Amino acid sequence: MGSLLLSCFASQAEPIPIRDPYFAQARAAWPPATRELRDKSFELIDTGLEGLYDDIDPMAGEWLDNDHLMVNAVQPGWHMQRKGQFQIMLVDARTGKSNVLLPHAMMQCRNAKRQLVSVKPLPAELPPGKRVWDLPTFWVMHQGADGQLMRLSAPQAFEPITCEATDNGLPLLKQGFGRPLQDIDGFLQRGRPQKSFVPDFNTILLRRGQPPKQIDVRAEEVFFPIYLPYLKRYLLNSDDSQHDSATDRRLAGVTWGDRPYDLTPYRLMSPDGEVTEIPYPKIIFSYGVHGFASLLPTPHGLLLNSSGRSSPGLLLLQGEQLYRVWGGQRWFAPGWRESVYGLKVSPDGCRLAFIHASTWSQDSGNEISILNLCKENNK
């Protein structure tokens, strides 16, 4: 991997501004912006679909290939989001047109390697006091090359809530102190038996038929690995390293130890356990951006979802220039552009599916759109 990838994410020398993160008045201590945040426009496809409002783990959908996206969408009608009436749709990302794969259903998760999808069937009307998430039934379905879903009657070695394989030869999966990778790639151990999670544990990559391998990353700095097909690597952490004692030296105190950084860098791990670091992008402070919700490395630069933070929206860091590619100034402010959540990047790294809304609520629209980072407007 090496220098070609890291050249896009050069280390920034700006110091971390010192502030107390627990008090709102500390905002006044931030230094003034010295660089200009610019706008950059890319092709935008509106699907006309309303995505699920889910305050637990919202996602725009699952990419089947570079041009097709499977999404959970709200059925047409009045207050259908509140009524829990959803359908699974197949979207052509080139046009935004869609068709129904399953009515009265919700996709729970997808295992791309095994072409299996966990689906929750939905009644025409939810029982009183129940939410969609409370319904216990799951269907395991096979997904064909055309995207169509077929229910399987034979039992599958498959966990329907997470879509993790249960026949990968790794019993640690059931003991709750690790992070599963794609089932052919194994499992990241983050603790010891009977002790569950251990913060300073040196994370171990376990693979079927292979000896354990330490990857030299503290367990508390590994969150939920995201596989990025366009880099053929796992992103081990994507949240902002600020404001968490596990990843921010200012809050950790003596527990920080001798770690050579102030904010935990972002790590990319190959399936065989090679780890490459992307330094925390401190240069954003010079643009007046004080943090972000999540970070994704893409072929086009670092994509920052700063919704709900100091400069909400989608930001793209290319070299030392920071661009806003979607969004506005803050949540809940009349007249500002919308913020985004539920990001999902296509396998080639070109298209970004996301849900956008002006407020964080069931009734705010929660529309699904697709931004093409490989097609800049006016070029």
# chains A, B, ... in the order shown; residues from 1 in each chain; ligands from 1

call {"tool": "select_by_dssp", "arguments": {"residues": "region 198-242 of chain A", "states": "strand (DSSP E)", "output": "PyMOL selection string"}}
result
chain A and resi 202-206+213-218+226-228+233-235

call {"tool": "residues_around", "arguments": {"residues": "Arg35 (chain A)", "least_positions_apart": "6", "cutoff": "10 Å", "atoms": "only C-alpha atoms", "output": "ChimeraX atom specification"}}
result
/A:283-288,320-322

call {"tool": "residues_around", "arguments": {"residues": "region 201-203 of chain A", "least_positions_apart": "5", "cutoff": "7 Å", "atoms": "only C-alpha atoms", "output": "ChimeraX atom specification"}}
result
/A:188-191,214-219

call {"tool": "residues_around", "arguments": {"residues": "region 44-51 of chain A", "least_positions_apart": "2", "cutoff": "6 Å", "atoms": "only C-alpha atoms", "output": "ChimeraX atom specification"}}
result
/A:73-74,96,366-371

call {"tool": "closest_residue", "arguments": {"among": "A:Gln87, A:Gln182, A:Asn378, A:Thr34", "to": "Ala124 (chain A)", "atoms": "only C-alpha atoms"}}
result
A:Gln87

call {"tool": "closest_atom_pairs", "arguments": {"of": "region 215-235 of chain A", "to": "region 263-276 of chain A", "cutoff": "10 Å", "atoms": "only C-alpha atoms", "output": "JSON lines"}}
result
{"residue": "A:Ile215", "atom": "CA", "partner": "A:Gly273", "partner_atom": "CA", "distance": 6.1}
{"residue": "A:Asp216", "atom": "CA", "partner": "A:Val275", "partner_atom": "CA", "distance": 8.5}
{"residue": "A:Val217", "atom": "CA", "partner": "A:Val275", "partner_atom": "CA", "distance": 8.7}
{"residue": "A:Glu221", "atom": "CA", "partner": "A:Thr264", "partner_atom": "CA", "distance": 7.2}
{"residue": "A:Val222", "atom": "CA", "partner": "A:Arg267", "partner_atom": "CA", "distance": 8.8}
{"residue": "A:Pro225", "atom": "CA", "partner": "A:Met269", "partner_atom": "CA", "distance": 9.1}
{"residue": "A:Ile226", "atom": "CA", "partner": "A:Leu268", "partner_atom": "CA", "distance": 9.4}
{"residue": "A:Tyr227", "atom": "CA", "partner": "A:Met269", "partner_atom": "CA", "distance": 9.2}
{"residue": "A:Leu228", "atom": "CA", "partner": "A:Leu268", "partner_atom": "CA", "distance": 9.2}
{"residue": "A:Leu231", "atom": "CA", "partner": "A:Leu268", "partner_atom": "CA", "distance": 8.8}
{"residue": "A:Lys232", "atom": "CA", "partner": "A:Ser270", "partner_atom": "CA", "distance": 6.7}
{"residue": "A:Arg233", "atom": "CA", "partner": "A:Ser270", "partner_atom": "CA", "distance": 4.6}
{"residue": "A:Tyr234", "atom": "CA", "partner": "A:Met269", "partner_atom": "CA", "distance": 5.0}
{"residue": "A:Leu235", "atom": "CA", "partner": "A:Leu268", "partner_atom": "CA", "distance": 4.7}

call {"tool": "write_last_selection", "arguments": {"atoms": "N, CA and C atoms", "output": "PDB file, in the first residue's frame"}}
result
ATOM      1  N   ILE A 215      -1.507  -7.114  15.786  1.00  0.00           N
ATOM      2  CA  ILE A 215      -1.446  -6.029  14.802  1.00  0.00           C
ATOM      3  C   ILE A 215      -0.944  -4.720  15.414  1.00  0.00           C
ATOM      4  N   ASP A 216      -0.536  -4.760  16.690  1.00  0.00           N
ATOM      5  CA  ASP A 216       0.055  -3.600  17.369  1.00  0.00           C
ATOM      6  C   ASP A 216      -0.873  -2.392  17.401  1.00  0.00           C
ATOM      7  N   VAL A 217      -2.147  -2.653  17.694  1.00  0.00           N
ATOM      8  CA  VAL A 217      -3.138  -1.598  17.892  1.00  0.00           C
ATOM      9  C   VAL A 217      -3.874  -1.904  19.189  1.00  0.00           C
ATOM     10  N   GLU A 221      -8.751   1.258  20.686  1.00  0.00           N
ATOM     11  CA  GLU A 221      -8.685   2.088  19.490  1.00  0.00           C
ATOM     12  C   GLU A 221      -9.237   1.371  18.258  1.00  0.00           C
ATOM     13  N   VAL A 222      -9.837   0.204  18.474  1.00  0.00           N
ATOM     14  CA  VAL A 222     -10.514  -0.527  17.396  1.00  0.00           C
ATOM     15  C   VAL A 222     -12.006  -0.488  17.666  1.00  0.00           C
ATOM     16  N   PRO A 225     -14.860  -2.422  12.499  1.00  0.00           N
ATOM     17  CA  PRO A 225     -14.143  -2.383  11.226  1.00  0.00           C
ATOM     18  C   PRO A 225     -15.081  -2.277  10.037  1.00  0.00           C
ATOM     19  N   ILE A 226     -14.736  -1.389   9.115  1.00  0.00           N
ATOM     20  CA  ILE A 226     -15.507  -1.190   7.883  1.00  0.00           C
ATOM     21  C   ILE A 226     -14.640  -1.632   6.714  1.00  0.00           C
ATOM     22  N   TYR A 227     -15.125  -2.563   5.901  1.00  0.00           N
ATOM     23  CA  TYR A 227     -14.337  -3.000   4.749  1.00  0.00           C
ATOM     24  C   TYR A 227     -14.552  -2.022   3.595  1.00  0.00           C
ATOM     25  N   LEU A 228     -13.449  -1.514   3.043  1.00  0.00           N
ATOM     26  CA  LEU A 228     -13.481  -0.568   1.929  1.00  0.00           C
ATOM     27  C   LEU A 228     -12.971  -1.290   0.688  1.00  0.00           C
ATOM     28  N   LEU A 231     -10.097   0.101  -1.486  1.00  0.00           N
ATOM     29  CA  LEU A 231      -8.743   0.057  -0.924  1.00  0.00           C
ATOM     30  C   LEU A 231      -8.322  -1.363  -0.564  1.00  0.00           C
ATOM     31  N   LYS A 232      -9.292  -2.300  -0.590  1.00  0.00           N
ATOM     32  CA  LYS A 232      -9.056  -3.690  -0.190  1.00  0.00           C
ATOM     33  C   LYS A 232      -8.479  -3.751   1.218  1.00  0.00           C
ATOM     34  N   ARG A 233      -9.037  -2.917   2.074  1.00  0.00           N
ATOM     35  CA  ARG A 233      -8.597  -2.836   3.456  1.00  0.00           C
ATOM     36  C   ARG A 233      -9.772  -2.532   4.388  1.00  0.00           C
ATOM     37  N   TYR A 234      -9.543  -2.821   5.656  1.00  0.00           N
ATOM     38  CA  TYR A 234     -10.506  -2.488   6.693  1.00  0.00           C
ATOM     39  C   TYR A 234     -10.112  -1.168   7.345  1.00  0.00           C
ATOM     40  N   LEU A 235     -11.083  -0.304   7.539  1.00  0.00           N
ATOM     41  CA  LEU A 235     -10.891   0.889   8.351  1.00  0.00           C
ATOM     42  C   LEU A 235     -11.266   0.503   9.778  1.00  0.00           C
TER      43      LEU A 235
END

call {"tool": "select_by_dssp", "arguments": {"residues": "region 119-348 of chain A", "states": "alpha helix (DSSP H)", "output": "JSON, numbers by chain"}}
result
{"A": [249, 250, 251, 252]}

call {"tool": "write_last_selection", "arguments": {"atoms": "all heavy atoms", "output": "PDB file, in the first residue's frame"}}
result
ATOM      1  N   ARG A 249      -5.680  12.263  24.126  1.00  0.00           N
ATOM      2  CA  ARG A 249      -4.737  12.350  25.241  1.00  0.00           C
ATOM      3  C   ARG A 249      -5.176  13.360  26.289  1.00  0.00           C
ATOM      4  O   ARG A 249      -4.916  13.196  27.490  1.00  0.00           O
ATOM      5  CB  ARG A 249      -3.352  12.724  24.724  1.00  0.00           C
ATOM      6  CG  ARG A 249      -2.274  12.661  25.808  1.00  0.00           C
ATOM      7  CD  ARG A 249      -0.912  13.040  25.284  1.00  0.00           C
ATOM      8  NE  ARG A 249      -0.877  14.452  24.863  1.00  0.00           N
ATOM      9  CZ  ARG A 249       0.210  15.052  24.411  1.00  0.00           C
ATOM     10  NH1 ARG A 249       1.336  14.372  24.272  1.00  0.00           N
ATOM     11  NH2 ARG A 249       0.188  16.329  24.043  1.00  0.00           N
ATOM     12  N   ARG A 250      -5.866  14.434  25.874  1.00  0.00           N
ATOM     13  CA  ARG A 250      -6.278  15.473  26.814  1.00  0.00           C
ATOM     14  C   ARG A 250      -7.229  14.940  27.874  1.00  0.00           C
ATOM     15  O   ARG A 250      -7.295  15.448  28.991  1.00  0.00           O
ATOM     16  CB  ARG A 250      -6.924  16.630  26.055  1.00  0.00           C
ATOM     17  CG  ARG A 250      -5.975  17.359  25.122  1.00  0.00           C
ATOM     18  CD  ARG A 250      -6.726  18.261  24.163  1.00  0.00           C
ATOM     19  NE  ARG A 250      -7.610  17.506  23.279  1.00  0.00           N
ATOM     20  CZ  ARG A 250      -8.311  18.052  22.277  1.00  0.00           C
ATOM     21  NH1 ARG A 250      -8.232  19.354  22.071  1.00  0.00           N
ATOM     22  NH2 ARG A 250      -9.072  17.316  21.519  1.00  0.00           N
ATOM     23  N   LEU A 251      -7.997  13.922  27.524  1.00  0.00           N
ATOM     24  CA  LEU A 251      -8.959  13.343  28.465  1.00  0.00           C
ATOM     25  C   LEU A 251      -8.421  12.095  29.140  1.00  0.00           C
ATOM     26  O   LEU A 251      -8.921  11.698  30.192  1.00  0.00           O
ATOM     27  CB  LEU A 251     -10.261  13.001  27.740  1.00  0.00           C
ATOM     28  CG  LEU A 251     -10.980  14.148  27.043  1.00  0.00           C
ATOM     29  CD1 LEU A 251     -12.296  13.676  26.458  1.00  0.00           C
ATOM     30  CD2 LEU A 251     -11.233  15.293  28.007  1.00  0.00           C
ATOM     31  N   ALA A 252      -7.420  11.465  28.536  1.00  0.00           N
ATOM     32  CA  ALA A 252      -6.920  10.191  29.055  1.00  0.00           C
ATOM     33  C   ALA A 252      -6.042  10.348  30.285  1.00  0.00           C
ATOM     34  O   ALA A 252      -6.017   9.472  31.157  1.00  0.00           O
ATOM     35  CB  ALA A 252      -6.148   9.467  27.961  1.00  0.00           C
TER      36      ALA A 252
END

call {"tool": "closest_residue", "arguments": {"among": "A:Gln115, A:Asn377, A:Asn237, A:Asn305", "to": "Leu352 (chain A)", "atoms": "only C-alpha atoms"}}
result
A:Asn305

call {"tool": "atom_distance", "arguments": {"atom1": "CA of Glu164 (chain A)", "atom2": "CA of Arg114 (chain A)"}}
result
10.0 Å

call {"tool": "residues_around", "arguments": {"residues": "Pro128 (chain A)", "least_positions_apart": "4", "cutoff": "12 Å", "atoms": "only C-alpha atoms", "output": "PDB file with all heavy atoms, in the first residue's frame"}}
result
ATOM      1  N   LYS A  83     -45.518   4.630  11.452  1.00  0.00           N
ATOM      2  CA  LYS A  83     -46.287   3.385  11.470  1.00  0.00           C
ATOM      3  C   LYS A  83     -45.419   2.158  11.214  1.00  0.00           C
ATOM      4  O   LYS A  83     -45.906   1.024  11.282  1.00  0.00           O
ATOM      5  CB  LYS A  83     -47.404   3.451  10.425  1.00  0.00           C
ATOM      6  CG  LYS A  83     -48.457   4.513  10.717  1.00  0.00           C
ATOM      7  CD  LYS A  83     -49.486   4.592   9.589  1.00  0.00           C
ATOM      8  CE  LYS A  83     -50.516   5.692   9.853  1.00  0.00           C
ATOM      9  NZ  LYS A  83     -51.484   5.818   8.733  1.00  0.00           N
ATOM     10  N   GLY A  84     -44.138   2.367  10.897  1.00  0.00           N
ATOM     11  CA  GLY A  84     -43.240   1.241  10.662  1.00  0.00           C
ATOM     12  C   GLY A  84     -43.533   0.494   9.378  1.00  0.00           C
ATOM     13  O   GLY A  84     -43.358  -0.728   9.312  1.00  0.00           O
ATOM     14  N   VAL A 132     -40.725  -1.605  14.976  1.00  0.00           N
ATOM     15  CA  VAL A 132     -40.184  -2.573  14.011  1.00  0.00           C
ATOM     16  C   VAL A 132     -39.063  -3.374  14.645  1.00  0.00           C
ATOM     17  O   VAL A 132     -38.943  -4.587  14.460  1.00  0.00           O
ATOM     18  CB  VAL A 132     -39.684  -1.837  12.753  1.00  0.00           C
ATOM     19  CG1 VAL A 132     -38.865  -2.762  11.870  1.00  0.00           C
ATOM     20  CG2 VAL A 132     -40.862  -1.274  11.973  1.00  0.00           C
ATOM     21  N   ASP A 134     -38.669  -4.367  17.530  1.00  0.00           N
ATOM     22  CA  ASP A 134     -39.086  -5.343  18.532  1.00  0.00           C
ATOM     23  C   ASP A 134     -39.573  -6.652  17.915  1.00  0.00           C
ATOM     24  O   ASP A 134     -39.719  -7.654  18.623  1.00  0.00           O
ATOM     25  CB  ASP A 134     -40.215  -4.759  19.395  1.00  0.00           C
ATOM     26  CG  ASP A 134     -39.802  -3.496  20.126  1.00  0.00           C
ATOM     27  OD1 ASP A 134     -38.630  -3.418  20.540  1.00  0.00           O
ATOM     28  OD2 ASP A 134     -40.645  -2.590  20.274  1.00  0.00           O
ATOM     29  N   LEU A 135     -39.838  -6.666  16.616  1.00  0.00           N
ATOM     30  CA  LEU A 135     -40.378  -7.864  15.976  1.00  0.00           C
ATOM     31  C   LEU A 135     -39.306  -8.949  15.928  1.00  0.00           C
ATOM     32  O   LEU A 135     -38.174  -8.705  15.513  1.00  0.00           O
ATOM     33  CB  LEU A 135     -40.863  -7.535  14.561  1.00  0.00           C
ATOM     34  CG  LEU A 135     -41.964  -6.458  14.478  1.00  0.00           C
ATOM     35  CD1 LEU A 135     -42.319  -6.170  13.026  1.00  0.00           C
ATOM     36  CD2 LEU A 135     -43.203  -6.896  15.255  1.00  0.00           C
TER      37      LEU A 135
END

call {"tool": "residues_around", "arguments": {"residues": "Val91 (chain A)", "least_positions_apart": "4", "cutoff": "9 Å", "atoms": "only C-alpha atoms", "output": "PDB file with C-alpha atoms, in the first residue's frame"}}
result
ATOM      1  CA  THR A  47     -33.873   8.821  -5.547  1.00  0.00           C
ATOM      2  CA  ASP A  67     -24.303   1.044 -10.006  1.00  0.00           C
ATOM      3  CA  HIS A  68     -26.964  -0.604  -7.844  1.00  0.00           C
ATOM      4  CA  LEU A  69     -27.988   0.011  -4.256  1.00  0.00           C
ATOM      5  CA  MET A  70     -30.434  -1.937  -2.080  1.00  0.00           C
ATOM      6  CA  VAL A  71     -32.207   0.295   0.441  1.00  0.00           C
ATOM      7  CA  THR A  95     -30.605   7.387 -12.796  1.00  0.00           C
ATOM      8  CA  GLY A  96     -32.136   7.282  -9.314  1.00  0.00           C
ATOM      9  CA  LYS A  97     -34.958   5.050 -10.558  1.00  0.00           C
ATOM     10  CA  SER A  98     -36.014   2.184  -8.309  1.00  0.00           C
ATOM     11  CA  ASN A  99     -38.244  -0.853  -8.091  1.00  0.00           C
TER      12      ASN A  99
END

call {"tool": "atom_distance", "arguments": {"atom1": "CA of Arg207 (chain A)", "atom2": "CA of Asp239 (chain A)"}}
result
26.0 Å

call {"tool": "decode", "arguments": {"residues": "region 105-118 of chain A", "atoms": "all heavy atoms", "output": "compact mmCIF listing (two decimals), in the first residue's frame"}}
result
# COMPACT_ATOMS: atom_id res chain seq x y z
N ALA A 105 -41.40 -5.14 4.24
CA ALA A 105 -40.22 -5.82 4.76
C ALA A 105 -39.12 -4.80 5.01
O ALA A 105 -39.15 -3.69 4.48
CB ALA A 105 -39.74 -6.88 3.77
N MET A 106 -38.14 -5.20 5.83
CA MET A 106 -37.00 -4.34 6.14
C MET A 106 -35.72 -5.18 6.12
O MET A 106 -35.68 -6.27 6.71
CB MET A 106 -37.17 -3.70 7.51
CG MET A 106 -36.06 -2.71 7.88
SD MET A 106 -36.19 -2.13 9.60
CE MET A 106 -35.54 -3.54 10.48
N MET A 107 -34.71 -4.71 5.41
CA MET A 107 -33.43 -5.40 5.40
C MET A 107 -32.72 -5.15 6.72
O MET A 107 -32.54 -4.01 7.14
CB MET A 107 -32.59 -4.87 4.24
CG MET A 107 -31.14 -5.33 4.25
SD MET A 107 -30.17 -4.69 2.87
CE MET A 107 -30.39 -2.90 3.08
N GLN A 108 -32.32 -6.23 7.39
CA GLN A 108 -31.57 -6.12 8.63
C GLN A 108 -30.07 -5.95 8.34
O GLN A 108 -29.41 -5.06 8.88
CB GLN A 108 -31.79 -7.36 9.49
CG GLN A 108 -30.93 -7.44 10.74
CD GLN A 108 -31.36 -6.47 11.81
OE1 GLN A 108 -32.48 -5.96 11.79
NE2 GLN A 108 -30.49 -6.21 12.76
N CYS A 109 -29.53 -6.79 7.47
CA CYS A 109 -28.12 -6.74 7.12
C CYS A 109 -27.88 -7.64 5.91
O CYS A 109 -28.78 -8.36 5.47
CB CYS A 109 -27.23 -7.16 8.30
SG CYS A 109 -27.64 -8.78 8.98
N ARG A 110 -26.65 -7.60 5.39
CA ARG A 110 -26.32 -8.38 4.19
C ARG A 110 -24.90 -8.93 4.32
O ARG A 110 -23.99 -8.24 4.75
CB ARG A 110 -26.42 -7.50 2.95
CG ARG A 110 -26.03 -8.18 1.64
CD ARG A 110 -26.33 -7.25 0.47
NE ARG A 110 -25.96 -7.84 -0.81
CZ ARG A 110 -24.82 -7.58 -1.46
NH1 ARG A 110 -23.95 -6.73 -0.94
NH2 ARG A 110 -24.56 -8.16 -2.62
N ASN A 111 -24.74 -10.20 3.95
CA ASN A 111 -23.43 -10.82 3.87
C ASN A 111 -23.11 -10.99 2.39
O ASN A 111 -23.61 -11.90 1.72
CB ASN A 111 -23.43 -12.17 4.58
CG ASN A 111 -22.05 -12.80 4.67
OD1 ASN A 111 -21.29 -12.80 3.70
ND2 ASN A 111 -21.72 -13.34 5.83
N ALA A 112 -22.29 -10.07 1.86
CA ALA A 112 -22.02 -10.05 0.42
C ALA A 112 -21.28 -11.30 -0.04
O ALA A 112 -21.53 -11.80 -1.15
CB ALA A 112 -21.22 -8.80 0.06
N LYS A 113 -20.37 -11.81 0.78
CA LYS A 113 -19.58 -12.97 0.38
C LYS A 113 -20.45 -14.19 0.15
O LYS A 113 -20.19 -14.99 -0.74
CB LYS A 113 -18.51 -13.26 1.45
CG LYS A 113 -17.42 -12.22 1.54
CD LYS A 113 -16.54 -12.25 0.30
CE LYS A 113 -15.40 -11.26 0.43
NZ LYS A 113 -14.55 -11.24 -0.78
N ARG A 114 -21.49 -14.34 0.96
CA ARG A 114 -22.35 -15.52 0.86
C ARG A 114 -23.66 -15.23 0.14
O ARG A 114 -24.51 -16.11 0.04
CB ARG A 114 -22.62 -16.08 2.25
CG ARG A 114 -21.32 -16.41 2.99
CD ARG A 114 -21.51 -17.33 4.14
NE ARG A 114 -20.22 -17.62 4.77
CZ ARG A 114 -19.99 -18.64 5.57
NH1 ARG A 114 -20.97 -19.49 5.86
NH2 ARG A 114 -18.80 -18.84 6.11
N GLN A 115 -23.81 -14.00 -0.31
CA GLN A 115 -25.02 -13.59 -1.03
C GLN A 115 -26.29 -13.88 -0.22
O GLN A 115 -27.30 -14.33 -0.73
CB GLN A 115 -25.11 -14.28 -2.39
CG GLN A 115 -23.97 -13.91 -3.33
CD GLN A 115 -24.07 -14.62 -4.67
OE1 GLN A 115 -23.94 -15.84 -4.74
NE2 GLN A 115 -24.30 -13.86 -5.72
N LEU A 116 -26.18 -13.61 1.08
CA LEU A 116 -27.30 -13.81 1.98
C LEU A 116 -27.75 -12.48 2.57
O LEU A 116 -26.92 -11.62 2.87
CB LEU A 116 -26.92 -14.77 3.11
CG LEU A 116 -26.57 -16.21 2.71
CD1 LEU A 116 -26.14 -17.00 3.94
CD2 LEU A 116 -27.75 -16.88 2.03
N VAL A 117 -29.05 -12.34 2.73
CA VAL A 117 -29.64 -11.13 3.30
C VAL A 117 -30.59 -11.53 4.41
O VAL A 117 -31.39 -12.45 4.25
CB VAL A 117 -30.39 -10.31 2.23
CG1 VAL A 117 -31.01 -9.06 2.83
CG2 VAL A 117 -29.47 -9.95 1.07
N SER A 118 -30.48 -10.84 5.54
CA SER A 118 -31.42 -11.06 6.63
C SER A 118 -32.54 -10.02 6.50
O SER A 118 -32.27 -8.82 6.44
CB SER A 118 -30.72 -10.92 7.98
OG SER A 118 -31.64 -11.07 9.03
